[in-house]
>>> print(open('structure_39.pdb').read())   # PDB, C-alpha atoms and all ligand atoms
ATOM      1  CA  MET A 111      18.728-104.643 103.788  1.00  0.00           C
ATOM      2  CA  SER A 112      16.465-105.479 106.676  1.00  0.00           C
ATOM      3  CA  ALA A 113      13.478-103.888 108.334  1.00  0.00           C
ATOM      4  CA  SER A 114      11.915-104.846 111.596  1.00  0.00           C
ATOM      5  CA  GLY A 115       8.574-103.984 113.170  1.00  0.00           C
ATOM      6  CA  LEU A 116       7.833-101.077 110.834  1.00  0.00           C
ATOM      7  CA  VAL A 117       4.780 -98.992 111.602  1.00  0.00           C
ATOM      8  CA  VAL A 118       3.978 -96.212 109.156  1.00  0.00           C
ATOM      9  CA  GLU A 119       1.295 -93.567 109.558  1.00  0.00           C
ATOM     10  CA  ARG A 120      -0.060 -91.216 106.921  1.00  0.00           C
ATOM     11  CA  GLY A 121      -2.584 -88.502 107.659  1.00  0.00           C
ATOM     12  CA  GLU A 122      -2.803 -89.771 111.250  1.00  0.00           C
ATOM     13  CA  ARG A 123      -3.887 -93.239 110.093  1.00  0.00           C
ATOM     14  CA  ILE A 124      -1.786 -96.334 110.559  1.00  0.00           C
ATOM     15  CA  ILE A 125      -1.155 -97.632 107.043  1.00  0.00           C
ATOM     16  CA  LEU A 126       1.445-100.314 107.788  1.00  0.00           C
ATOM     17  CA  THR A 127       2.096-102.204 110.951  1.00  0.00           C
ATOM     18  CA  GLY A 128       4.362-105.080 111.937  1.00  0.00           C
ATOM     19  CA  ILE A 129       6.315-105.106 108.656  1.00  0.00           C
ATOM     20  CA  SER A 130       9.608-106.984 108.728  1.00  0.00           C
ATOM     21  CA  LEU A 131      11.847-108.089 105.902  1.00  0.00           C
ATOM     22  CA  ASN A 132      15.325-109.414 105.454  1.00  0.00           C
ATOM     23  CA  LEU A 133      16.991-109.184 102.055  1.00  0.00           C
ATOM     24  CA  SER A 134      20.482-110.254 101.059  1.00  0.00           C
ATOM     25  CA  ALA A 135      22.571-109.483  97.994  1.00  0.00           C
ATOM     26  CA  GLY A 136      20.799-110.810  94.888  1.00  0.00           C
ATOM     27  CA  ASP A 137      17.344-111.007  96.468  1.00  0.00           C
ATOM     28  CA  ALA A 138      14.150-109.745  94.869  1.00  0.00           C
ATOM     29  CA  LEU A 139      11.022-109.116  96.923  1.00  0.00           C
ATOM     30  CA  VAL A 140       7.672-108.652  95.208  1.00  0.00           C
ATOM     31  CA  VAL A 141       5.041-106.849  97.278  1.00  0.00           C
ATOM     32  CA  THR A 142       1.411-107.373  96.312  1.00  0.00           C
ATOM     33  CA  GLY A 143      -1.927-106.429  97.820  1.00  0.00           C
ATOM     34  CA  PRO A 144      -5.081-104.522  96.940  1.00  0.00           C
ATOM     35  CA  ASN A 145      -5.268-100.833  96.057  1.00  0.00           C
ATOM     36  CA  GLY A 146      -4.544 -98.774  99.128  1.00  0.00           C
ATOM     37  CA  ALA A 147      -2.907-101.647 101.030  1.00  0.00           C
ATOM     38  CA  GLY A 148       0.296 -99.639 101.469  1.00  0.00           C
ATOM     39  CA  LYS A 149       2.673-100.930  98.787  1.00  0.00           C
ATOM     40  CA  SER A 150       3.832 -97.481  97.651  1.00  0.00           C
ATOM     41  CA  THR A 151       3.951 -96.385 101.274  1.00  0.00           C
ATOM     42  CA  LEU A 152       6.322 -99.257 102.069  1.00  0.00           C
ATOM     43  CA  LEU A 153       8.610 -98.398  99.154  1.00  0.00           C
ATOM     44  CA  ARG A 154       8.688 -94.717 100.112  1.00  0.00           C
ATOM     45  CA  THR A 155       9.501 -95.679 103.687  1.00  0.00           C
ATOM     46  CA  LEU A 156      12.324 -97.998 102.571  1.00  0.00           C
ATOM     47  CA  ALA A 157      13.594 -95.131 100.391  1.00  0.00           C
ATOM     48  CA  GLY A 158      13.778 -92.878 103.445  1.00  0.00           C
ATOM     49  CA  LEU A 159      11.122 -90.516 102.067  1.00  0.00           C
ATOM     50  CA  LEU A 160       8.541 -91.290 104.747  1.00  0.00           C
ATOM     51  CA  PRO A 161       9.393 -91.682 108.426  1.00  0.00           C
ATOM     52  CA  ALA A 162       8.462 -94.861 110.260  1.00  0.00           C
ATOM     53  CA  ALA A 163       6.503 -94.211 113.468  1.00  0.00           C
ATOM     54  CA  SER A 164       8.365 -97.174 114.913  1.00  0.00           C
ATOM     55  CA  GLY A 165      10.639 -99.971 113.806  1.00  0.00           C
ATOM     56  CA  THR A 166      14.027 -99.946 112.150  1.00  0.00           C
ATOM     57  CA  ILE A 167      15.509-100.126 108.673  1.00  0.00           C
ATOM     58  CA  GLU A 168      19.066-101.356 108.371  1.00  0.00           C
ATOM     59  CA  LEU A 169      21.413-101.633 105.449  1.00  0.00           C
ATOM     60  CA  LYS A 170      23.841-104.482 105.623  1.00  0.00           C
ATOM     61  CA  GLY A 171      26.858-104.365 103.367  1.00  0.00           C
ATOM     62  CA  GLY A 172      27.286-101.572 100.861  1.00  0.00           C
ATOM     63  CA  ASN A 173      29.069 -98.380 101.737  1.00  0.00           C
ATOM     64  CA  PRO A 174      28.930 -97.922 105.530  1.00  0.00           C
ATOM     65  CA  GLU A 175      29.456 -94.169 105.097  1.00  0.00           C
ATOM     66  CA  ALA A 176      26.462 -93.706 102.794  1.00  0.00           C
ATOM     67  CA  GLN A 177      22.938 -92.745 103.962  1.00  0.00           C
ATOM     68  CA  LEU A 178      20.004 -95.019 103.138  1.00  0.00           C
ATOM     69  CA  SER A 179      18.746 -92.434 100.632  1.00  0.00           C
ATOM     70  CA  GLU A 180      22.067 -92.610  98.767  1.00  0.00           C
ATOM     71  CA  GLN A 181      21.942 -96.392  98.411  1.00  0.00           C
ATOM     72  CA  VAL A 182      18.407 -96.783  97.121  1.00  0.00           C
ATOM     73  CA  HIS A 183      16.827 -95.789  93.828  1.00  0.00           C
ATOM     74  CA  LEU A 184      13.048 -95.395  93.830  1.00  0.00           C
ATOM     75  CA  LEU A 185      11.381 -95.763  90.455  1.00  0.00           C
ATOM     76  CA  GLY A 186       7.987 -94.308  91.280  1.00  0.00           C
ATOM     77  CA  HIS A 187       4.940 -93.119  89.409  1.00  0.00           C
ATOM     78  CA  SER A 188       6.274 -89.688  88.503  1.00  0.00           C
ATOM     79  CA  GLU A 189       9.169 -89.963  86.125  1.00  0.00           C
ATOM     80  CA  GLY A 190      10.473 -86.401  86.437  1.00  0.00           C
ATOM     81  CA  THR A 191      11.102 -86.197  82.708  1.00  0.00           C
ATOM     82  CA  LYS A 192      11.839 -82.685  81.448  1.00  0.00           C
ATOM     83  CA  GLY A 193      10.067 -82.284  78.112  1.00  0.00           C
ATOM     84  CA  SER A 194      12.249 -79.442  76.845  1.00  0.00           C
ATOM     85  CA  LEU A 195      15.429 -81.541  77.102  1.00  0.00           C
ATOM     86  CA  THR A 196      16.359 -84.393  74.785  1.00  0.00           C
ATOM     87  CA  VAL A 197      16.237 -87.992  75.942  1.00  0.00           C
ATOM     88  CA  LEU A 198      20.029 -88.011  76.283  1.00  0.00           C
ATOM     89  CA  GLU A 199      20.052 -84.707  78.182  1.00  0.00           C
ATOM     90  CA  ASN A 200      17.354 -86.001  80.543  1.00  0.00           C
ATOM     91  CA  LEU A 201      19.328 -89.118  81.323  1.00  0.00           C
ATOM     92  CA  SER A 202      22.547 -87.136  81.734  1.00  0.00           C
ATOM     93  CA  PHE A 203      20.827 -84.694  84.085  1.00  0.00           C
ATOM     94  CA  TRP A 204      19.403 -87.399  86.352  1.00  0.00           C
ATOM     95  CA  THR A 205      22.538 -89.493  86.239  1.00  0.00           C
ATOM     96  CA  GLN A 206      24.617 -86.552  87.401  1.00  0.00           C
ATOM     97  CA  ALA A 207      22.019 -85.432  89.968  1.00  0.00           C
ATOM     98  CA  LEU A 208      21.834 -88.914  91.497  1.00  0.00           C
ATOM     99  CA  GLY A 209      25.568 -89.552  91.517  1.00  0.00           C
ATOM    100  CA  GLY A 210      25.953 -91.939  88.574  1.00  0.00           C
ATOM    101  CA  THR A 211      28.672 -92.051  85.959  1.00  0.00           C
ATOM    102  CA  ALA A 212      28.260 -90.479  82.532  1.00  0.00           C
ATOM    103  CA  ALA A 213      30.111 -93.403  80.915  1.00  0.00           C
ATOM    104  CA  THR A 214      27.126 -95.690  81.491  1.00  0.00           C
ATOM    105  CA  ILE A 215      24.556 -93.499  79.749  1.00  0.00           C
ATOM    106  CA  GLY A 216      24.930 -94.954  76.254  1.00  0.00           C
ATOM    107  CA  ASP A 217      24.659 -98.518  77.553  1.00  0.00           C
ATOM    108  CA  ALA A 218      21.642 -97.578  79.646  1.00  0.00           C
ATOM    109  CA  LEU A 219      19.769 -96.183  76.624  1.00  0.00           C
ATOM    110  CA  GLU A 220      20.653 -99.324  74.649  1.00  0.00           C
ATOM    111  CA  ALA A 221      19.470-101.557  77.465  1.00  0.00           C
ATOM    112  CA  VAL A 222      16.009 -99.990  77.475  1.00  0.00           C
ATOM    113  CA  GLY A 223      15.765 -99.782  73.678  1.00  0.00           C
ATOM    114  CA  LEU A 224      15.826 -95.983  73.483  1.00  0.00           C
ATOM    115  CA  ALA A 225      19.185 -95.392  71.768  1.00  0.00           C
ATOM    116  CA  HIS A 226      17.408 -94.281  68.573  1.00  0.00           C
ATOM    117  CA  THR A 227      15.537 -91.562  70.507  1.00  0.00           C
ATOM    118  CA  ALA A 228      18.631 -90.048  72.178  1.00  0.00           C
ATOM    119  CA  ASP A 229      18.420 -86.704  70.366  1.00  0.00           C
ATOM    120  CA  LEU A 230      14.644 -86.332  70.368  1.00  0.00           C
ATOM    121  CA  PRO A 231      12.901 -83.976  72.790  1.00  0.00           C
ATOM    122  CA  ALA A 232      11.539 -85.987  75.710  1.00  0.00           C
ATOM    123  CA  SER A 233       8.194 -84.185  75.277  1.00  0.00           C
ATOM    124  CA  ILE A 234       7.381 -86.408  72.291  1.00  0.00           C
ATOM    125  CA  LEU A 235       7.995 -89.724  74.074  1.00  0.00           C
ATOM    126  CA  SER A 236       5.055 -92.057  74.572  1.00  0.00           C
ATOM    127  CA  ALA A 237       4.081 -93.193  78.081  1.00  0.00           C
ATOM    128  CA  GLY A 238       5.939 -96.487  77.662  1.00  0.00           C
ATOM    129  CA  GLN A 239       9.013 -94.714  76.289  1.00  0.00           C
ATOM    130  CA  ARG A 240       9.014 -92.336  79.282  1.00  0.00           C
ATOM    131  CA  ARG A 241       8.868 -95.356  81.542  1.00  0.00           C
ATOM    132  CA  ARG A 242      11.833 -96.862  79.686  1.00  0.00           C
ATOM    133  CA  LEU A 243      13.740 -93.609  80.144  1.00  0.00           C
ATOM    134  CA  ALA A 244      13.115 -93.818  83.886  1.00  0.00           C
ATOM    135  CA  MET A 245      14.310 -97.461  83.774  1.00  0.00           C
ATOM    136  CA  ALA A 246      17.516 -96.330  82.074  1.00  0.00           C
ATOM    137  CA  ARG A 247      18.307 -94.245  85.154  1.00  0.00           C
ATOM    138  CA  LEU A 248      18.440 -97.393  87.270  1.00  0.00           C
ATOM    139  CA  VAL A 249      21.338 -98.549  85.101  1.00  0.00           C
ATOM    140  CA  SER A 250      23.210 -95.260  84.747  1.00  0.00           C
ATOM    141  CA  VAL A 251      22.880 -94.269  88.401  1.00  0.00           C
ATOM    142  CA  GLY A 252      23.816 -97.751  89.594  1.00  0.00           C
ATOM    143  CA  ARG A 253      22.612 -97.830  93.184  1.00  0.00           C
ATOM    144  CA  PRO A 254      22.586-101.180  95.019  1.00  0.00           C
ATOM    145  CA  ILE A 255      18.908-101.225  96.063  1.00  0.00           C
ATOM    146  CA  TRP A 256      16.168-100.729  93.480  1.00  0.00           C
ATOM    147  CA  LEU A 257      12.672 -99.921  94.744  1.00  0.00           C
ATOM    148  CA  LEU A 258      10.247-100.283  91.844  1.00  0.00           C
ATOM    149  CA  ASP A 259       6.657 -99.059  92.119  1.00  0.00           C
ATOM    150  CA  GLU A 260       4.490-100.738  89.467  1.00  0.00           C
ATOM    151  CA  PRO A 261       7.505-100.999  87.158  1.00  0.00           C
ATOM    152  CA  ALA A 262       5.573-102.675  84.327  1.00  0.00           C
ATOM    153  CA  THR A 263       3.079 -99.807  83.956  1.00  0.00           C
ATOM    154  CA  ALA A 264       2.802 -98.709  80.293  1.00  0.00           C
ATOM    155  CA  LEU A 265       5.481-101.174  79.163  1.00  0.00           C
ATOM    156  CA  ASP A 266       4.873-103.452  76.181  1.00  0.00           C
ATOM    157  CA  THR A 267       6.043-107.083  76.084  1.00  0.00           C
ATOM    158  CA  ASP A 268       9.522-106.078  74.972  1.00  0.00           C
ATOM    159  CA  GLY A 269       9.719-103.465  77.723  1.00  0.00           C
ATOM    160  CA  VAL A 270       8.711-105.975  80.406  1.00  0.00           C
ATOM    161  CA  ALA A 271      11.333-108.414  79.085  1.00  0.00           C
ATOM    162  CA  ARG A 272      14.014-105.706  79.157  1.00  0.00           C
ATOM    163  CA  LEU A 273      13.018-104.803  82.712  1.00  0.00           C
ATOM    164  CA  GLY A 274      13.391-108.476  83.615  1.00  0.00           C
ATOM    165  CA  ASP A 275      16.870-108.521  82.063  1.00  0.00           C
ATOM    166  CA  LEU A 276      17.932-105.417  83.991  1.00  0.00           C
ATOM    167  CA  VAL A 277      16.660-106.904  87.240  1.00  0.00           C
ATOM    168  CA  ARG A 278      18.390-110.235  86.523  1.00  0.00           C
ATOM    169  CA  ASP A 279      21.734-108.507  85.841  1.00  0.00           C
ATOM    170  CA  HIS A 280      21.364-106.269  88.891  1.00  0.00           C
ATOM    171  CA  ARG A 281      20.718-109.292  91.121  1.00  0.00           C
ATOM    172  CA  LYS A 282      23.641-111.182  89.591  1.00  0.00           C
ATOM    173  CA  ALA A 283      25.864-108.236  90.485  1.00  0.00           C
ATOM    174  CA  GLY A 284      24.689-108.473  94.107  1.00  0.00           C
ATOM    175  CA  GLY A 285      21.955-105.840  93.956  1.00  0.00           C
ATOM    176  CA  ILE A 286      18.601-105.996  95.749  1.00  0.00           C
ATOM    177  CA  VAL A 287      15.201-105.308  94.201  1.00  0.00           C
ATOM    178  CA  VAL A 288      11.889-104.603  95.913  1.00  0.00           C
ATOM    179  CA  ALA A 289       8.936-104.248  93.525  1.00  0.00           C
ATOM    180  CA  ALA A 290       5.328-103.362  94.277  1.00  0.00           C
ATOM    181  CA  THR A 291       3.049-104.638  91.570  1.00  0.00           C
ATOM    182  CA  HIS A 292      -0.324-105.961  90.495  1.00  0.00           C
ATOM    183  CA  ALA A 293       1.245-107.659  87.467  1.00  0.00           C
ATOM    184  CA  ASP A 294       3.020-110.987  87.222  1.00  0.00           C
ATOM    185  CA  LEU A 295       6.531-109.813  86.396  1.00  0.00           C
ATOM    186  CA  GLY A 296       7.794-113.331  85.688  1.00  0.00           C
ATOM    187  CA  TRP A 297      11.015-112.937  87.671  1.00  0.00           C
ATOM    188  CA  PRO A 298      12.589-116.132  89.009  1.00  0.00           C
ATOM    189  CA  LYS A 299      13.349-116.984  92.637  1.00  0.00           C
ATOM    190  CA  LEU A 300      11.303-114.278  94.292  1.00  0.00           C
ATOM    191  CA  LYS A 301      10.509-113.557  97.864  1.00  0.00           C
ATOM    192  CA  ARG A 302       6.941-112.405  98.314  1.00  0.00           C
ATOM    193  CA  MET A 303       5.086-110.147 100.710  1.00  0.00           C
ATOM    194  CA  VAL A 304       1.315-109.760 100.583  1.00  0.00           C
ATOM    195  CA  LEU A 305      -0.077-106.686 102.286  1.00  0.00           C
ATOM    196  CA  GLY A 306      -3.570-106.908 103.715  1.00  0.00           C
ATOM    197  CA  ARG A 307      -6.755-105.069 102.989  1.00  0.00           C
ATOM    198  CA  ALA A 308      -6.704-101.307 102.816  1.00  0.00           C
ATOM    199  CA  VAL A 309      -7.487 -99.798 106.213  1.00  0.00           C
TER     200      VAL A 309
HETATM  201  N1  LIG B   1      -0.148 -88.287 101.193  1.00  0.00           N
HETATM  202  C1  LIG B   1      -0.986 -89.081 101.860  1.00  0.00           C
HETATM  203  N2  LIG B   1      -1.611 -88.645 102.972  1.00  0.00           N
HETATM  204  C2  LIG B   1      -2.440 -89.439 103.656  1.00  0.00           C
HETATM  205  N3  LIG B   1      -2.735 -90.700 103.308  1.00  0.00           N
HETATM  206  C3  LIG B   1      -2.157 -91.173 102.209  1.00  0.00           C
HETATM  207  C4  LIG B   1      -1.255 -90.402 101.422  1.00  0.00           C
HETATM  208  N4  LIG B   1      -0.842 -91.145 100.385  1.00  0.00           N
HETATM  209  C5  LIG B   1      -1.445 -92.331 100.516  1.00  0.00           C
HETATM  210  N5  LIG B   1      -2.228 -92.350 101.600  1.00  0.00           N
HETATM  211  C6  LIG B   1      -3.051 -93.476 102.071  1.00  0.00           C
HETATM  212  O1  LIG B   1      -2.193 -94.564 102.367  1.00  0.00           O
HETATM  213  C7  LIG B   1      -2.851 -95.776 102.034  1.00  0.00           C
HETATM  214  C8  LIG B   1      -1.892 -96.628 101.237  1.00  0.00           C
HETATM  215  O2  LIG B   1      -1.627 -95.990  99.997  1.00  0.00           O
HETATM  216  P1  LIG B   1      -0.551 -96.577  99.013  1.00  0.00           P
HETATM  217  O3  LIG B   1      -0.433 -95.623  97.872  1.00  0.00           O
HETATM  218  O4  LIG B   1       0.672 -96.919  99.771  1.00  0.00           O
HETATM  219  O5  LIG B   1      -1.271 -97.936  98.547  1.00  0.00           O
HETATM  220  P2  LIG B   1      -0.890 -98.966  97.409  1.00  0.00           P
HETATM  221  O6  LIG B   1      -0.944-100.326  98.019  1.00  0.00           O
HETATM  222  O7  LIG B   1       0.394 -98.570  96.763  1.00  0.00           O
HETATM  223  O8  LIG B   1      -2.101 -98.778  96.415  1.00  0.00           O
HETATM  224  P3  LIG B   1      -2.248 -98.959  94.821  1.00  0.00           P
HETATM  225  O9  LIG B   1      -2.342-100.437  94.540  1.00  0.00           O
HETATM  226  O10 LIG B   1      -3.548 -98.263  94.556  1.00  0.00           O
HETATM  227  O11 LIG B   1      -1.091 -98.266  94.166  1.00  0.00           O
HETATM  228  C9  LIG B   1      -4.142 -95.406 101.310  1.00  0.00           C
HETATM  229  O12 LIG B   1      -5.216 -95.567 102.232  1.00  0.00           O
HETATM  230  C10 LIG B   1      -3.980 -93.966 100.971  1.00  0.00           C
HETATM  231  O13 LIG B   1      -5.191 -93.263 101.011  1.00  0.00           O
END
>>> encode(input="structure_39.pdb", output="structure tokens")
Amino acid sequence: MSASGLVVERGERIILTGISLNLSAGDALVVTGPNGAGKSTLLRTLAGLLPAASGTIELKGGNPEAQLSEQVHLLGHSEGTKGSLTVLENLSFWTQALGGTAATIGDALEAVGLAHTADLPASILSAGQRRRLAMARLVSVGRPIWLLDEPATALDTDGVARLGDLVRDHRKAGGIVVAATHADLGWPKLKRMVLGRAV
């Protein structure tokens, strides 16, 4: 995935300007910067949810037929968990909605340590457990580019370690990860981007 000369405006203000990046299979980019610097804005732009006022975003490799929005998976602040459904039903719903395969759902719940909650209503999950459920989607949906907005929020030490394992395996399989964070995620061999002061 590459981006060149991105300029992004929100509410008629320029939030990002002159952003370029070049990521190959297996790369992880960590984006840091103060509150309001534009980290979430960059992820939403890379996800195709916000238009760039100028500049280009290109996918290299992957399925040439697929749109950008079909190749990326944004793990944002709102988890979209439906409280009236069970944990398993939530994961099944999102996996199907986002084009993943049902066969991976059990493994995904195991990977995030939520297998024992599969039949519980999602409404009773703690904040960290909801975050883990959202993490499980990354695995069951299986898109090549993961865009993670503050992925360690609400996670305990075990959760952060499991996130690190998922990211490691994804990179090994040729996936790309871009994470915006204030935390030290402890991932090896990172590329870094520091965004400047909030405008
Ligand atoms: N919907 C919106 N309309 C207009 N401006 C917005 C909107 N959302 C965010 N902004 C502005 O864009 C700027 C960047 O916000 P963004 O959420 O990308 O920052 P961030 O670096 O992710 O911050 P944080 O560390 O607090 O999560 C801020 O000045 C913010 O006020």
>>> closest_residue(input="structure_39.pdb", among="A:Asp268, A:Glu175, A:Asp279, A:Glu168", to="Ser134 (chain A)", atoms="all atoms listed in the file")
A:Glu168
>>> atom_distance(input="structure_39.pdb", atom1="CA of Thr191 (chain A)", atom2="CA of Ala218 (chain A)")
15.8 Å
>>> residues_near_ligand(input="structure_39.pdb", ligand="ligand LIG 1 (chain B)", cutoff="7 Å", atoms="all atoms listed in the file", output="number ranges by chain")
A: 120-121, 125, 143-152, 308-309
>>> write_last_selection(input="structure_39.pdb", atoms="C-alpha atoms", output="CSV table (one decimal), keeping the file's coordinate frame")
chain,number,residue,atom,x,y,z
A,120,ARG,CA,-0.1,-91.2,106.9
A,121,GLY,CA,-2.6,-88.5,107.7
A,125,ILE,CA,-1.2,-97.6,107.0
A,143,GLY,CA,-1.9,-106.4,97.8
A,144,PRO,CA,-5.1,-104.5,96.9
A,145,ASN,CA,-5.3,-100.8,96.1
A,146,GLY,CA,-4.5,-98.8,99.1
A,147,ALA,CA,-2.9,-101.6,101.0
A,148,GLY,CA,0.3,-99.6,101.5
A,149,LYS,CA,2.7,-100.9,98.8
A,150,SER,CA,3.8,-97.5,97.7
A,151,THR,CA,4.0,-96.4,101.3
A,152,LEU,CA,6.3,-99.3,102.1
A,308,ALA,CA,-6.7,-101.3,102.8
A,309,VAL,CA,-7.5,-99.8,106.2
>>> closest_residue(input="structure_39.pdb", among="A:Ala135, A:Leu185, A:Val249, A:Ile167", to="Thr205 (chain A)", atoms="only C-alpha atoms")
A:Val249
>>> resolve_selection(input="structure_39.pdb", expression="the PyMOL selection byres (((chain A and resi 236) around 12) and not hetatm)", output="count of residues only")
21
>>> resolve_selection(input="structure_39.pdb", expression="the PyMOL selection byres (((chain A and resi 180) around 10) and not hetatm)", output="list in words")
Ala157, Gly158, Asn173, Glu175, Ala176, Gln177, Leu178, Ser179, Gln181, Val182, His183, Leu208, Gly209, Arg253, Pro254 and Ile255 of chain A
>>> axis_aligned_box(input="structure_39.pdb", around="region 120-129 of chain A", padding_each_side="4 Å", output="lines of an AutoDock Vina configuration file")
center_x = 1.2
center_y = -96.8
center_z = 109.4
size_x = 18.2
size_y = 24.6
size_z = 13.0
>>> closest_residue(input="structure_39.pdb", among="A:Leu198, A:Ala138, A:Ala262, A:Leu273", to="Arg302 (chain A)", atoms="all atoms listed in the file")
A:Ala138
>>> atom_distance(input="structure_39.pdb", atom1="CA of Leu248 (chain A)", atom2="CA of Gly210 (chain A)")
9.4 Å
>>> resolve_selection(input="structure_39.pdb", expression="the PyMOL selection byres (((chain A and resi 214) around 10) and not hetatm)", output="PyMOL selection string")
chain A and resi 202+205+210-213+215-219+246-247+249-252
>>> atom_distance(input="structure_39.pdb", atom1="CA of Leu160 (chain A)", atom2="CA of Ala113 (chain A)")
14.0 Å
>>> closest_residue(input="structure_39.pdb", among="A:Ala228, A:Val222, A:Gly190, A:Gly136", to="Ala283 (chain A)", atoms="all atoms listed in the file")
A:Gly136
>>> residues_around(input="structure_39.pdb", residues="Ala162 (chain A)", least_positions_apart="4", cutoff="9 Å", atoms="all atoms listed in the file", output="VMD selection string")
chain A and resid 116 to 119 155 158 166 to 167
>>> decode(input="structure_39.pdb", residues="region 241-252 of chain A", atoms="N, CA and C atoms", output="mmCIF file, in the first residue's frame")
data_model
loop_
_atom_site.group_PDB
_atom_site.id
_atom_site.type_symbol
_atom_site.label_atom_id
_atom_site.label_comp_id
_atom_site.auth_asym_id
_atom_site.auth_seq_id
_atom_site.Cartn_x
_atom_site.Cartn_y
_atom_site.Cartn_z
ATOM 1 N N ARG A 241 -13.372 -5.098 23.364
ATOM 2 C CA ARG A 241 -12.236 -4.800 22.485
ATOM 3 C C ARG A 241 -11.673 -6.097 21.900
ATOM 4 N N ARG A 242 -11.602 -7.132 22.723
ATOM 5 C CA ARG A 242 -11.110 -8.429 22.238
ATOM 6 C C ARG A 242 -12.051 -8.983 21.168
ATOM 7 N N LEU A 243 -13.347 -8.788 21.367
ATOM 8 C CA LEU A 243 -14.310 -9.269 20.372
ATOM 9 C C LEU A 243 -14.087 -8.551 19.028
ATOM 10 N N ALA A 244 -13.819 -7.259 19.104
ATOM 11 C CA ALA A 244 -13.524 -6.517 17.871
ATOM 12 C C ALA A 244 -12.220 -7.025 17.239
ATOM 13 N N MET A 245 -11.249 -7.376 18.077
ATOM 14 C CA MET A 245 -9.974 -7.941 17.582
ATOM 15 C C MET A 245 -10.220 -9.270 16.867
ATOM 16 N N ALA A 246 -11.152 -10.050 17.397
ATOM 17 C CA ALA A 246 -11.437 -11.361 16.798
ATOM 18 C C ALA A 246 -11.906 -11.219 15.350
ATOM 19 N N ARG A 247 -12.596 -10.109 15.080
ATOM 20 C CA ARG A 247 -13.057 -9.859 13.704
ATOM 21 C C ARG A 247 -11.906 -9.749 12.719
ATOM 22 N N LEU A 248 -10.799 -9.164 13.183
ATOM 23 C CA LEU A 248 -9.633 -9.032 12.292
ATOM 24 C C LEU A 248 -9.250 -10.405 11.757
ATOM 25 N N VAL A 249 -9.312 -11.401 12.659
ATOM 26 C CA VAL A 249 -8.897 -12.760 12.295
ATOM 27 C C VAL A 249 -9.949 -13.421 11.410
ATOM 28 N N SER A 250 -11.221 -13.307 11.804
ATOM 29 C CA SER A 250 -12.253 -14.065 11.077
ATOM 30 C C SER A 250 -12.583 -13.422 9.727
ATOM 31 N N VAL A 251 -12.388 -12.130 9.630
ATOM 32 C CA VAL A 251 -12.676 -11.461 8.343
ATOM 33 C C VAL A 251 -11.484 -11.621 7.389
ATOM 34 N N GLY A 252 -10.268 -11.492 7.941
ATOM 35 C CA GLY A 252 -9.081 -11.865 7.183
ATOM 36 C C GLY A 252 -8.699 -10.962 6.027
#
